[in-house]
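A.B. asks: Dropping in protein_17.txt, with compact mmCIF, C-alpha atoms and all ligand atoms.
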```txt
# COMPACT_ATOMS: atom_id res chain seq x y z
CA MET A 1 127.48 56.92 5.61
CA LYS A 2 131.21 56.33 5.30
CA THR A 3 132.08 53.75 2.68
CA GLU A 4 135.80 53.35 3.01
CA GLY A 5 137.29 50.42 1.19
CA ILE A 6 138.18 47.22 3.05
CA PRO A 7 141.38 45.63 1.77
CA PHE A 8 141.74 41.89 1.38
CA LEU A 9 145.05 42.15 3.23
CA ASP A 10 146.77 45.01 5.07
CA LEU A 11 150.55 44.60 5.15
CA VAL A 12 151.32 48.23 5.93
CA THR A 13 149.94 48.62 9.46
CA VAL A 14 151.75 45.62 11.01
CA HIS A 15 155.11 46.84 9.78
CA ARG A 16 154.45 50.41 10.88
CA GLU A 17 154.06 49.17 14.46
CA LEU A 18 157.38 47.28 14.30
CA ARG A 19 159.31 49.88 12.33
CA GLY A 20 161.90 50.64 15.04
CA GLU A 21 162.80 47.00 15.64
CA LEU A 22 162.88 46.19 11.93
CA ARG A 23 165.16 49.15 11.20
CA ALA A 24 167.54 47.98 13.93
CA VAL A 25 167.91 44.65 12.11
CA PHE A 26 168.77 46.38 8.87
CA GLU A 27 171.29 48.63 10.59
CA ALA A 28 172.94 45.68 12.36
CA ALA A 29 173.34 43.95 9.00
CA LEU A 30 174.92 47.07 7.48
CA ASP A 31 177.23 47.52 10.45
CA THR A 32 178.54 43.97 10.27
CA ALA A 33 178.05 43.32 6.52
CA GLY A 34 176.48 40.06 7.69
CA PHE A 35 174.26 39.57 4.67
CA ILE A 36 174.61 35.83 4.07
CA GLY A 37 174.41 33.22 6.82
CA GLY A 38 175.75 34.08 10.26
CA PRO A 39 174.05 34.59 13.61
CA MET A 40 170.87 36.26 12.31
CA VAL A 41 170.04 33.18 10.26
CA GLN A 42 171.03 30.74 13.02
CA GLU A 43 169.03 32.56 15.68
CA PHE A 44 165.92 32.64 13.54
CA GLU A 45 166.30 28.95 12.69
CA ARG A 46 166.60 28.10 16.37
CA ASP A 47 163.54 30.17 17.31
CA PHE A 48 161.38 28.88 14.46
CA ALA A 49 162.27 25.25 15.22
CA GLU A 50 161.18 25.88 18.80
CA VAL A 51 157.83 27.31 17.68
CA CYS A 52 157.28 24.34 15.35
CA GLU A 53 158.39 21.86 18.03
CA THR A 54 161.00 20.31 15.77
CA ARG A 55 164.69 19.70 16.39
CA TYR A 56 165.87 21.49 13.26
CA CYS A 57 164.95 24.36 11.00
CA VAL A 58 166.93 25.19 7.87
CA GLY A 59 166.23 28.61 6.34
CA MET A 60 165.64 28.71 2.60
CA ALA A 61 165.30 31.39 -0.07
CA SER A 62 161.57 30.66 -0.54
CA GLY A 63 158.80 28.21 0.24
CA THR A 64 159.20 26.73 -3.22
CA ASP A 65 162.87 26.00 -2.54
CA ALA A 66 161.88 24.57 0.83
CA VAL A 67 159.49 22.05 -0.78
CA ARG A 68 161.99 21.18 -3.50
CA LEU A 69 165.01 20.73 -1.24
CA ALA A 70 163.02 18.90 1.44
CA LEU A 71 162.00 16.36 -1.20
CA VAL A 72 165.55 15.93 -2.47
CA ALA A 73 167.03 15.75 1.04
CA ALA A 74 164.37 13.21 2.07
CA GLY A 75 165.52 10.94 -0.74
CA VAL A 76 163.12 11.58 -3.61
CA ARG A 77 165.02 10.70 -6.77
CA PRO A 78 164.67 11.70 -10.42
CA GLY A 79 161.84 9.74 -11.99
CA ASP A 80 160.02 9.12 -8.72
CA THR A 81 156.36 10.01 -8.37
CA VAL A 82 155.18 12.30 -5.58
CA VAL A 83 151.48 12.41 -4.71
CA THR A 84 149.73 15.66 -3.84
CA VAL A 85 146.39 17.44 -4.35
CA PRO A 86 145.19 19.59 -7.27
CA HIS A 87 143.67 22.20 -4.92
CA THR A 88 146.83 24.02 -3.88
CA PHE A 89 149.17 26.77 -5.03
CA PHE A 90 151.13 25.93 -8.18
CA ALA A 91 154.46 25.93 -6.27
CA THR A 92 153.65 22.53 -4.73
CA THR A 93 153.84 20.75 -8.10
CA GLU A 94 156.54 23.06 -9.46
CA ALA A 95 158.78 21.98 -6.58
CA ILE A 96 158.10 18.30 -7.37
CA SER A 97 159.09 18.86 -11.00
CA GLN A 98 162.16 20.85 -9.94
CA ALA A 99 163.22 17.83 -7.89
CA CYS A 100 163.09 15.95 -11.23
CA ALA A 101 160.15 13.89 -9.99
CA ARG A 102 156.64 13.53 -11.43
CA PHE A 103 153.43 14.40 -9.62
CA ASP A 104 150.19 12.51 -9.34
CA PHE A 105 147.05 13.88 -7.75
CA VAL A 106 144.45 12.63 -5.31
CA ASP A 107 141.30 14.62 -4.60
CA ILE A 108 140.53 16.65 -1.48
CA ASP A 109 137.94 16.36 1.25
CA PRO A 110 135.05 18.68 0.32
CA ARG A 111 134.77 20.17 3.81
CA THR A 112 138.39 20.75 4.85
CA TYR A 113 139.85 21.26 1.33
CA THR A 114 142.83 19.10 2.28
CA MET A 115 143.99 15.68 1.05
CA ASP A 116 141.34 12.99 1.45
CA PRO A 117 143.14 10.00 3.04
CA GLU A 118 140.61 7.56 1.56
CA LYS A 119 141.28 8.89 -1.92
CA LEU A 120 144.99 8.51 -1.23
CA LEU A 121 144.50 4.86 -0.28
CA ALA A 122 142.25 4.25 -3.29
CA TYR A 123 144.88 5.82 -5.57
CA LEU A 124 147.62 3.56 -4.21
CA GLU A 125 145.44 0.46 -4.43
CA THR A 126 143.84 0.99 -7.81
CA GLU A 127 146.07 3.32 -9.82
CA CYS A 128 149.41 1.83 -8.90
CA VAL A 129 150.88 -1.63 -9.38
CA PRO A 130 153.69 -3.25 -7.42
CA ASP A 131 156.98 -3.51 -9.25
CA PRO A 132 157.78 -7.27 -9.17
CA ARG A 133 161.49 -6.50 -8.80
CA THR A 134 161.49 -3.93 -6.02
CA GLY A 135 158.05 -4.48 -4.52
CA ARG A 136 157.50 -0.72 -4.72
CA LEU A 137 154.24 0.70 -6.02
CA VAL A 138 154.52 2.17 -9.50
CA SER A 139 152.11 4.81 -10.78
CA GLN A 140 150.37 3.55 -13.90
CA ARG A 141 150.08 7.12 -15.14
CA THR A 142 153.70 8.21 -14.76
CA GLY A 143 155.41 4.81 -14.87
CA GLY A 144 157.61 5.84 -11.91
CA PRO A 145 157.82 4.48 -8.37
CA VAL A 146 155.65 6.32 -5.84
CA THR A 147 158.00 7.38 -3.06
CA ALA A 148 156.51 10.45 -1.36
CA ILE A 149 153.33 12.30 -0.43
CA ILE A 150 152.86 16.05 0.03
CA PRO A 151 149.76 16.87 2.07
CA VAL A 152 149.06 20.62 1.90
CA HIS A 153 147.84 22.37 5.06
CA LEU A 154 145.67 24.71 3.05
CA TYR A 155 144.24 28.01 4.32
CA GLY A 156 146.01 27.44 7.68
CA GLN A 157 144.38 24.11 8.52
CA VAL A 158 146.38 20.90 8.91
CA ALA A 159 145.41 17.93 6.73
CA ASP A 160 144.20 14.74 8.48
CA MET A 161 147.72 13.62 9.30
CA ASP A 162 147.01 10.49 11.40
CA ALA A 163 145.25 8.86 8.48
CA ILE A 164 147.80 10.09 5.94
CA LEU A 165 150.75 8.92 8.06
CA ASP A 166 149.07 5.50 8.46
CA VAL A 167 148.78 5.07 4.71
CA ALA A 168 152.35 6.34 4.24
CA ALA A 169 153.68 3.85 6.78
CA ARG A 170 151.81 1.01 5.13
CA TYR A 171 153.38 1.75 1.74
CA ASP A 172 156.73 3.03 2.99
CA LEU A 173 156.25 6.55 1.62
CA ILE A 174 158.04 9.73 2.66
CA VAL A 175 155.73 12.49 3.90
CA VAL A 176 156.74 16.10 3.31
CA GLU A 177 154.20 18.58 4.69
CA ASP A 178 153.50 21.68 2.65
CA ALA A 179 153.01 23.94 5.68
CA CYS A 180 153.51 27.13 3.66
CA GLN A 181 150.10 28.45 4.84
CA ALA A 182 150.06 26.95 8.32
CA HIS A 183 152.59 28.63 10.66
CA GLY A 184 151.49 27.64 14.16
CA ALA A 185 148.49 25.52 13.14
CA GLU A 186 147.84 22.43 15.27
CA TYR A 187 146.50 18.93 14.79
CA PHE A 188 145.28 16.56 17.48
CA SER A 189 146.96 13.23 16.86
CA LYS A 190 144.80 10.42 18.23
CA ARG A 191 147.65 7.96 17.79
CA GLU A 192 149.79 10.04 20.12
CA GLY A 193 147.04 11.56 22.24
CA ARG A 194 148.43 15.08 21.89
CA TRP A 195 148.34 18.23 19.83
CA ARG A 196 151.06 18.46 17.20
CA LYS A 197 152.36 21.52 15.39
CA ALA A 198 152.12 21.88 11.63
CA GLY A 199 155.53 21.03 10.25
CA SER A 200 156.42 18.53 12.98
CA MET A 201 154.63 15.43 11.73
CA GLY A 202 156.14 14.48 8.37
CA ARG A 203 159.71 13.47 7.66
CA ALA A 204 160.15 17.15 6.84
CA ALA A 205 157.99 20.19 6.19
CA ALA A 206 158.21 23.31 4.06
CA PHE A 207 157.26 26.81 5.16
CA SER A 208 157.01 29.97 3.11
CA PHE A 209 157.58 33.45 4.51
CA TYR A 210 156.22 35.23 1.47
CA PRO A 211 155.03 38.64 2.78
CA GLY A 212 151.33 37.76 2.85
CA LYS A 213 151.75 34.53 4.86
CA ASN A 214 150.92 34.43 8.60
CA LEU A 215 154.64 34.89 9.23
CA GLY A 216 155.91 36.95 6.33
CA ALA A 217 159.33 38.37 5.51
CA CYS A 218 159.87 41.77 3.89
CA GLY A 219 160.81 39.93 0.72
CA GLU A 220 161.29 36.26 -0.19
CA ALA A 221 162.05 33.58 2.41
CA GLY A 222 161.22 30.02 3.43
CA ALA A 223 162.34 27.17 5.69
CA VAL A 224 162.42 23.41 6.11
CA THR A 225 161.65 21.90 9.52
CA THR A 226 162.51 18.34 10.53
CA ASP A 227 163.54 16.13 13.45
CA ASP A 228 165.96 14.24 11.23
CA GLN A 229 169.54 15.42 11.70
CA GLN A 230 170.80 13.95 8.44
CA LEU A 231 167.95 15.46 6.48
CA ALA A 232 168.62 18.87 8.06
CA ARG A 233 172.28 18.55 7.16
CA ALA A 234 171.43 17.58 3.59
CA CYS A 235 169.14 20.64 3.34
CA SER A 236 171.92 22.92 4.63
CA MET A 237 174.25 21.60 1.97
CA LEU A 238 171.72 21.63 -0.85
CA ARG A 239 170.80 25.27 -0.22
CA ASP A 240 174.48 26.27 -0.32
CA HIS A 241 176.01 24.75 -3.48
CA GLY A 242 176.43 21.35 -1.86
CA GLN A 243 179.16 22.67 0.40
CA SER A 244 179.99 20.92 3.65
CA LYS A 245 182.64 23.63 4.20
CA LYS A 246 183.66 26.60 2.13
CA TYR A 247 184.70 25.31 -1.33
CA ILE A 248 184.28 21.69 -0.24
CA HIS A 249 181.46 20.61 -2.56
CA ASP A 250 180.35 17.14 -1.49
CA ILE A 251 177.38 17.20 -3.85
CA GLU A 252 175.84 19.56 -6.39
CA GLY A 253 173.31 21.83 -4.75
CA TYR A 254 171.62 25.14 -5.43
CA ASN A 255 171.69 28.74 -4.35
CA GLY A 256 168.69 28.55 -2.02
CA ARG A 257 169.84 30.29 1.15
CA LEU A 258 167.76 32.39 3.51
CA ASP A 259 168.93 36.00 3.36
CA ALA A 260 170.34 37.23 6.72
CA ILE A 261 168.34 40.48 6.74
CA GLN A 262 165.14 38.56 6.10
CA ALA A 263 166.03 36.13 8.90
CA GLY A 264 166.56 39.06 11.27
CA LEU A 265 163.25 40.67 10.29
CA LEU A 266 161.46 37.32 10.60
CA ARG A 267 162.88 36.81 14.06
CA VAL A 268 161.37 40.12 15.19
CA LYS A 269 158.03 39.24 13.64
CA LEU A 270 158.06 35.67 14.99
CA ARG A 271 157.63 37.06 18.51
CA HIS A 272 154.19 38.33 17.42
CA LEU A 273 153.04 35.25 15.52
CA ALA A 274 151.02 33.67 18.35
CA LYS A 275 149.19 36.95 19.00
CA TRP A 276 148.51 37.50 15.29
CA ASN A 277 147.23 33.94 14.89
CA GLU A 278 144.92 34.46 17.87
CA GLN A 279 143.60 37.65 16.26
CA ARG A 280 142.93 35.73 13.05
CA ARG A 281 141.07 33.06 15.03
CA GLU A 282 138.97 35.73 16.71
CA SER A 283 138.17 37.29 13.35
CA ALA A 284 137.17 33.86 12.04
CA ARG A 285 134.87 33.36 15.03
CA SER A 286 133.30 36.78 14.37
CA TYR A 287 132.72 35.91 10.71
CA ASP A 288 131.10 32.61 11.75
CA GLU A 289 128.79 34.41 14.18
CA LEU A 290 127.93 37.26 11.84
CA PHE A 291 127.00 34.86 9.05
CA GLY A 292 125.06 32.64 11.43
CA GLU A 293 122.78 30.16 9.67
CA THR A 294 122.75 30.81 5.93
CA HIS A 295 121.10 27.52 4.92
CA GLY A 296 123.99 26.51 2.78
CA LYS A 297 123.96 29.71 0.73
CA VAL A 298 127.31 30.72 2.19
CA VAL A 299 129.32 27.66 3.17
CA LEU A 300 131.61 28.60 6.05
CA PRO A 301 135.01 27.04 6.85
CA HIS A 302 134.72 23.64 8.52
CA VAL A 303 136.96 23.02 11.51
CA PRO A 304 137.08 19.36 12.61
CA SER A 305 137.51 18.67 16.34
CA TRP A 306 141.12 17.61 15.67
CA SER A 307 142.08 20.92 14.13
CA ARG A 308 143.23 24.28 15.48
CA PRO A 309 143.64 26.30 12.31
CA VAL A 310 145.44 29.65 12.03
CA PHE A 311 143.19 31.07 9.27
CA HIS A 312 145.80 32.13 6.80
CA LEU A 313 142.64 32.64 4.77
CA TYR A 314 138.95 32.73 5.64
CA VAL A 315 137.36 30.96 2.71
CA VAL A 316 133.64 30.66 2.06
CA ARG A 317 131.83 28.98 -0.82
CA VAL A 318 129.09 30.62 -2.80
CA ALA A 319 127.27 29.87 -6.01
CA ASP A 320 127.83 32.46 -8.75
CA ARG A 321 131.17 33.34 -7.20
CA GLU A 322 132.46 35.49 -10.10
CA ARG A 323 129.55 37.89 -9.93
CA ILE A 324 129.63 38.11 -6.15
CA GLN A 325 133.32 38.87 -6.22
CA LYS A 326 132.81 41.55 -8.86
CA ASP A 327 130.03 43.19 -6.85
CA LEU A 328 132.14 43.09 -3.68
CA THR A 329 134.97 44.78 -5.55
CA ALA A 330 132.54 47.45 -6.71
CA ALA A 331 131.47 47.91 -3.08
CA GLY A 332 135.12 48.47 -2.11
CA ILE A 333 135.66 45.07 -0.50
CA GLY A 334 138.81 43.20 -1.47
CA THR A 335 138.64 39.41 -1.87
CA GLY A 336 140.79 36.64 -3.31
CA ILE A 337 140.34 33.27 -4.99
CA HIS A 338 142.57 30.47 -3.76
CA TYR A 339 142.70 28.97 -6.32
CA PRO A 340 140.61 29.45 -9.45
CA ILE A 341 142.01 26.57 -11.55
CA PRO A 342 142.75 23.14 -10.06
CA LEU A 343 146.30 22.21 -10.97
CA HIS A 344 145.41 19.24 -13.19
CA LEU A 345 143.69 21.70 -15.53
CA VAL A 346 146.29 24.51 -15.71
CA LYS A 347 147.78 25.25 -19.11
CA ALA A 348 151.31 24.30 -18.03
CA TYR A 349 150.13 20.73 -17.47
CA GLU A 350 148.16 20.26 -20.68
CA ALA A 351 150.60 17.58 -21.82
CA GLU A 352 149.93 15.53 -18.66
CA GLY A 353 146.61 14.52 -20.20
CA PHE A 354 144.25 15.25 -17.31
CA ARG A 355 140.62 16.05 -18.05
CA PRO A 356 137.80 17.99 -16.44
CA GLY A 357 136.02 15.54 -14.15
CA ASP A 358 139.20 13.80 -13.01
CA PHE A 359 139.13 15.47 -9.58
CA PRO A 360 135.56 16.69 -9.14
CA VAL A 361 135.83 17.83 -5.52
CA SER A 362 138.78 20.09 -6.33
CA GLU A 363 137.07 21.35 -9.48
CA ARG A 364 133.92 22.30 -7.62
CA ALA A 365 135.90 23.99 -4.84
CA ALA A 366 137.90 25.97 -7.40
CA SER A 367 134.70 27.32 -8.92
CA GLU A 368 133.04 28.32 -5.62
CA VAL A 369 135.68 29.40 -3.10
CA LEU A 370 136.00 33.05 -2.14
CA SER A 371 138.54 34.36 0.36
CA LEU A 372 137.24 37.24 2.49
CA PRO A 373 139.39 39.95 4.09
CA MET A 374 141.54 38.34 6.81
CA PHE A 375 144.55 39.84 8.58
CA PRO A 376 145.53 40.79 12.12
CA GLY A 377 143.96 44.15 12.82
CA LEU A 378 140.82 43.54 10.76
CA ALA A 379 138.18 45.59 12.61
CA PRO A 380 134.80 44.19 13.76
CA GLU A 381 132.98 46.97 11.89
CA GLN A 382 134.83 46.00 8.72
CA GLN A 383 133.75 42.40 9.19
CA GLN A 384 130.15 43.48 9.74
CA ARG A 385 130.23 45.33 6.45
CA VAL A 386 131.79 42.42 4.59
CA VAL A 387 129.18 40.00 5.91
CA SER A 388 126.22 42.26 5.25
CA GLU A 389 127.40 42.86 1.67
CA VAL A 390 127.91 39.14 1.02
CA VAL A 391 124.55 38.24 2.52
CA LYS A 392 122.84 40.99 0.51
CA LEU A 393 124.46 39.87 -2.75
CA VAL A 394 123.65 36.21 -2.17
CA ALA A 395 120.02 37.10 -1.37
CA ALA A 396 119.77 39.31 -4.46
CA ARG A 397 120.92 36.40 -6.57
CA GLU A 398 118.29 34.17 -4.95
CA GLY A 399 115.59 36.68 -5.86
CA ARG A 400 116.46 36.52 -9.53
CA PRO A 401 114.56 34.32 -11.94
C1 LIG B 501 153.15 30.27 -0.68
C2 LIG B 501 153.07 28.82 -0.97
C3 LIG B 501 154.16 28.11 -1.52
C4 LIG B 501 155.40 28.76 -2.08
O1 LIG B 501 156.03 29.64 -1.28
P1 LIG B 501 156.98 30.78 -1.90
O2 LIG B 501 157.67 31.33 -0.69
O3 LIG B 501 156.10 31.78 -2.57
O4 LIG B 501 157.92 30.13 -2.84
C5 LIG B 501 154.03 26.74 -1.65
N1 LIG B 501 152.91 26.10 -1.29
C6 LIG B 501 151.85 26.75 -0.79
C7 LIG B 501 150.63 25.98 -0.41
C8 LIG B 501 151.89 28.13 -0.63
O5 LIG B 501 150.81 28.76 -0.16
```
Do you think you could lay out the structure here as structure tokens?

C.D. replies:
Amino acid sequence: MKTEGIPFLDLVTVHRELRGELRAVFEAALDTAGFIGGPMVQEFERDFAEVCETRYCVGMASGTDAVRLALVAAGVRPGDTVVTVPHTFFATTEAISQACARFDFVDIDPRTYTMDPEKLLAYLETECVPDPRTGRLVSQRTGGPVTAIIPVHLYGQVADMDAILDVAARYDLIVVEDACQAHGAEYFSKREGRWRKAGSMGRAAAFSFYPGKNLGACGEAGAVTTDDQQLARACSMLRDHGQSKKYIHDIEGYNGRLDAIQAGLLRVKLRHLAKWNEQRRESARSYDELFGETHGKVVLPHVPSWSRPVFHLYVVRVADRERIQKDLTAAGIGTGIHYPIPLHLVKAYEAEGFRPGDFPVSERAASEVLSLPMFPGLAPEQQQRVVSEVVKLVAAREGRP
């Protein structure tokens, strides 16, 4: 029997197929020395805005910069508090801190792993007090006014945006979507009676094009999407030293531009995004079928009727996750853990004073989630092997005293 390894992610094959087109981008950049800004960036921004169904897209150097500059451009000010979830990648809170704001957390829904709108409401009603002067809610933990929310569309599935936008409207809060894992994901808005694209529902949204994302650059890249012209303009200035024109610095900004070569490569790859997302969905369906009924021993991804996810990751939950991951590695099957430590308990935030038990749903998810191989081009036979190994390992564990 052949026991070839199965990688968690294969980034080589997709680029091999596009090599000619990708090389042409690089050569065009060399021929014109158009490395910063210019038509390659503008054309990608136009195409990505179209895919996201937003009026504007502003390319950024990374997803982290996209979150940070979207917050600043949307009006988050130093000392403000921005609410997000502990079950996300560290960049979400890093970006809040880089915008000179503080973060507060609300727990996630145990089935979708995204922000629980009821927990958000409870946080605002019980952990914040209105400032008698401004009428704004102030976080009792941070002492700062709560001005924004970042729902994270984790694993490629959009958070419950209708409910989150309702709460945000009630308390006059800015919503910035962290769509860094959700290129092309959709959400059925009951309020509007139509499907909406990830990145088109908040005041602004941040995307990452880190190589492993559903749309990945061949290096670092990110983008902000928005319908708000002023916000888009503010993002364009902030990413480029606050310039409205060359050497006309209206404000202080950053160096956070999208590289022209990356924009050109992304534009080539964007044409394949819908197909790749469909392949991921098919792979997810196959996993679901192959696992079948496991009586809760392997908890499969939950997709609410209002969600069309793009399966950036296919995440299951198992007891004894560490051992199962180790045994899968030994069997040549690559896996990932997204993420092993909820952000309120990471070392960098020790001084924030959070404790184990503060966000139990996130803590339990962090200890049980396991990301299985998922990428366009994953073969059905590979999936069969992954599932049979997982099922075997889970059963072996059951058999133990
Ligand atoms: C990848 C990611 C980011 C950061 O993106 P970079 O391009 O790596 O800076 C932020 N948030 C989430 C949820 C991500 O997955």

A.B. asks: Which one is closest to ligand LIG 501 (chain B): A:Thr114, A:Thr13, A:Gln383, A:Ser388? Count all atoms listed in the file.

C.D. replies: A:Thr114

A.B. asks: Could I get the residue neighbourhood of ligand LIG 501 (chain B) at 6 Å, counting all atoms listed in the file, as a PDB file with C-alpha atoms, in the frame of the given file?

C.D. replies:
```pdb
ATOM      1  CA  SER A  62     161.570  30.660  -0.540  1.00  0.00           C
ATOM      2  CA  GLY A  63     158.800  28.210   0.240  1.00  0.00           C
ATOM      3  CA  THR A  64     159.200  26.730  -3.220  1.00  0.00           C
ATOM      4  CA  THR A  88     146.830  24.020  -3.880  1.00  0.00           C
ATOM      5  CA  PHE A  89     149.170  26.770  -5.030  1.00  0.00           C
ATOM      6  CA  ALA A  91     154.460  25.930  -6.270  1.00  0.00           C
ATOM      7  CA  THR A  92     153.650  22.530  -4.730  1.00  0.00           C
ATOM      8  CA  ASP A 178     153.500  21.680   2.650  1.00  0.00           C
ATOM      9  CA  CYS A 180     153.510  27.130   3.660  1.00  0.00           C
ATOM     10  CA  GLN A 181     150.100  28.450   4.840  1.00  0.00           C
ATOM     11  CA  SER A 208     157.010  29.970   3.110  1.00  0.00           C
ATOM     12  CA  PHE A 209     157.580  33.450   4.510  1.00  0.00           C
ATOM     13  CA  TYR A 210     156.220  35.230   1.470  1.00  0.00           C
ATOM     14  CA  ALA A 221     162.050  33.580   2.410  1.00  0.00           C
ATOM     15  CA  GLY A 222     161.220  30.020   3.430  1.00  0.00           C
TER      16      GLY A 222
END
```

A.B. asks: CA of Pro117 (chain A) and CA of Asn277 (chain A) are how many Å apart?

C.D. replies: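 Interatomic distance here is 27.0 Å.
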
A.B. asks: Taking all atoms of region 302-317 of chain A that the file lists, what box with edges along x, y and z, padded by 6 Å per side, do you get, with centre and edge lengths in Å to one decimal, as lines of an AutoDock Vina configuration file?

C.D. replies:
```
center_x = 138.8
center_y = 25.2
center_z = 7.8
size_x = 26.0
size_y = 27.1
size_z = 29.2
```

A.B. asks: Record the distance separating CA of Leu300 (chain A) and CA of Leu370 (chain A), expressed in Å with one decimal.

C.D. replies: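 Calculated distance between CA of Leu300 (chain A) and CA of Leu370 (chain A) is 10.3 Å.
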
A.B. asks: Counting only C-alpha atoms, what is within 9 Å of region 5-10 of chain A, bar same-chain residues fewer than 2 positions away, as a count of residues only?

C.D. replies: 23

A.B. asks: Pick out the closest residue to Leu270 (chain A) from this set: A:Val51, A:Val390, A:Leu120, A:Leu173. Count all atoms listed in the file.

C.D. replies: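 Using all atoms listed in the file, Leu270 (chain A) sits closest to A:Val51.
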
A.B. asks: With distances taken over all atoms listed in the file, which residue among A:Asp131, A:Asp65, A:Glu252, A:Glu186 lies nearest Gln98 (chain A)?

C.D. replies: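 For Gln98 (chain A), the nearest of the candidates is A:Asp65.
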
A.B. asks: One decimal, in Å: what's the spacing between CA of Arg68 (chain A) and CA of Gly184 (chain A)?

C.D. replies: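 Between CA of Arg68 (chain A) and CA of Gly184 (chain A) the gap is 21.5 Å.
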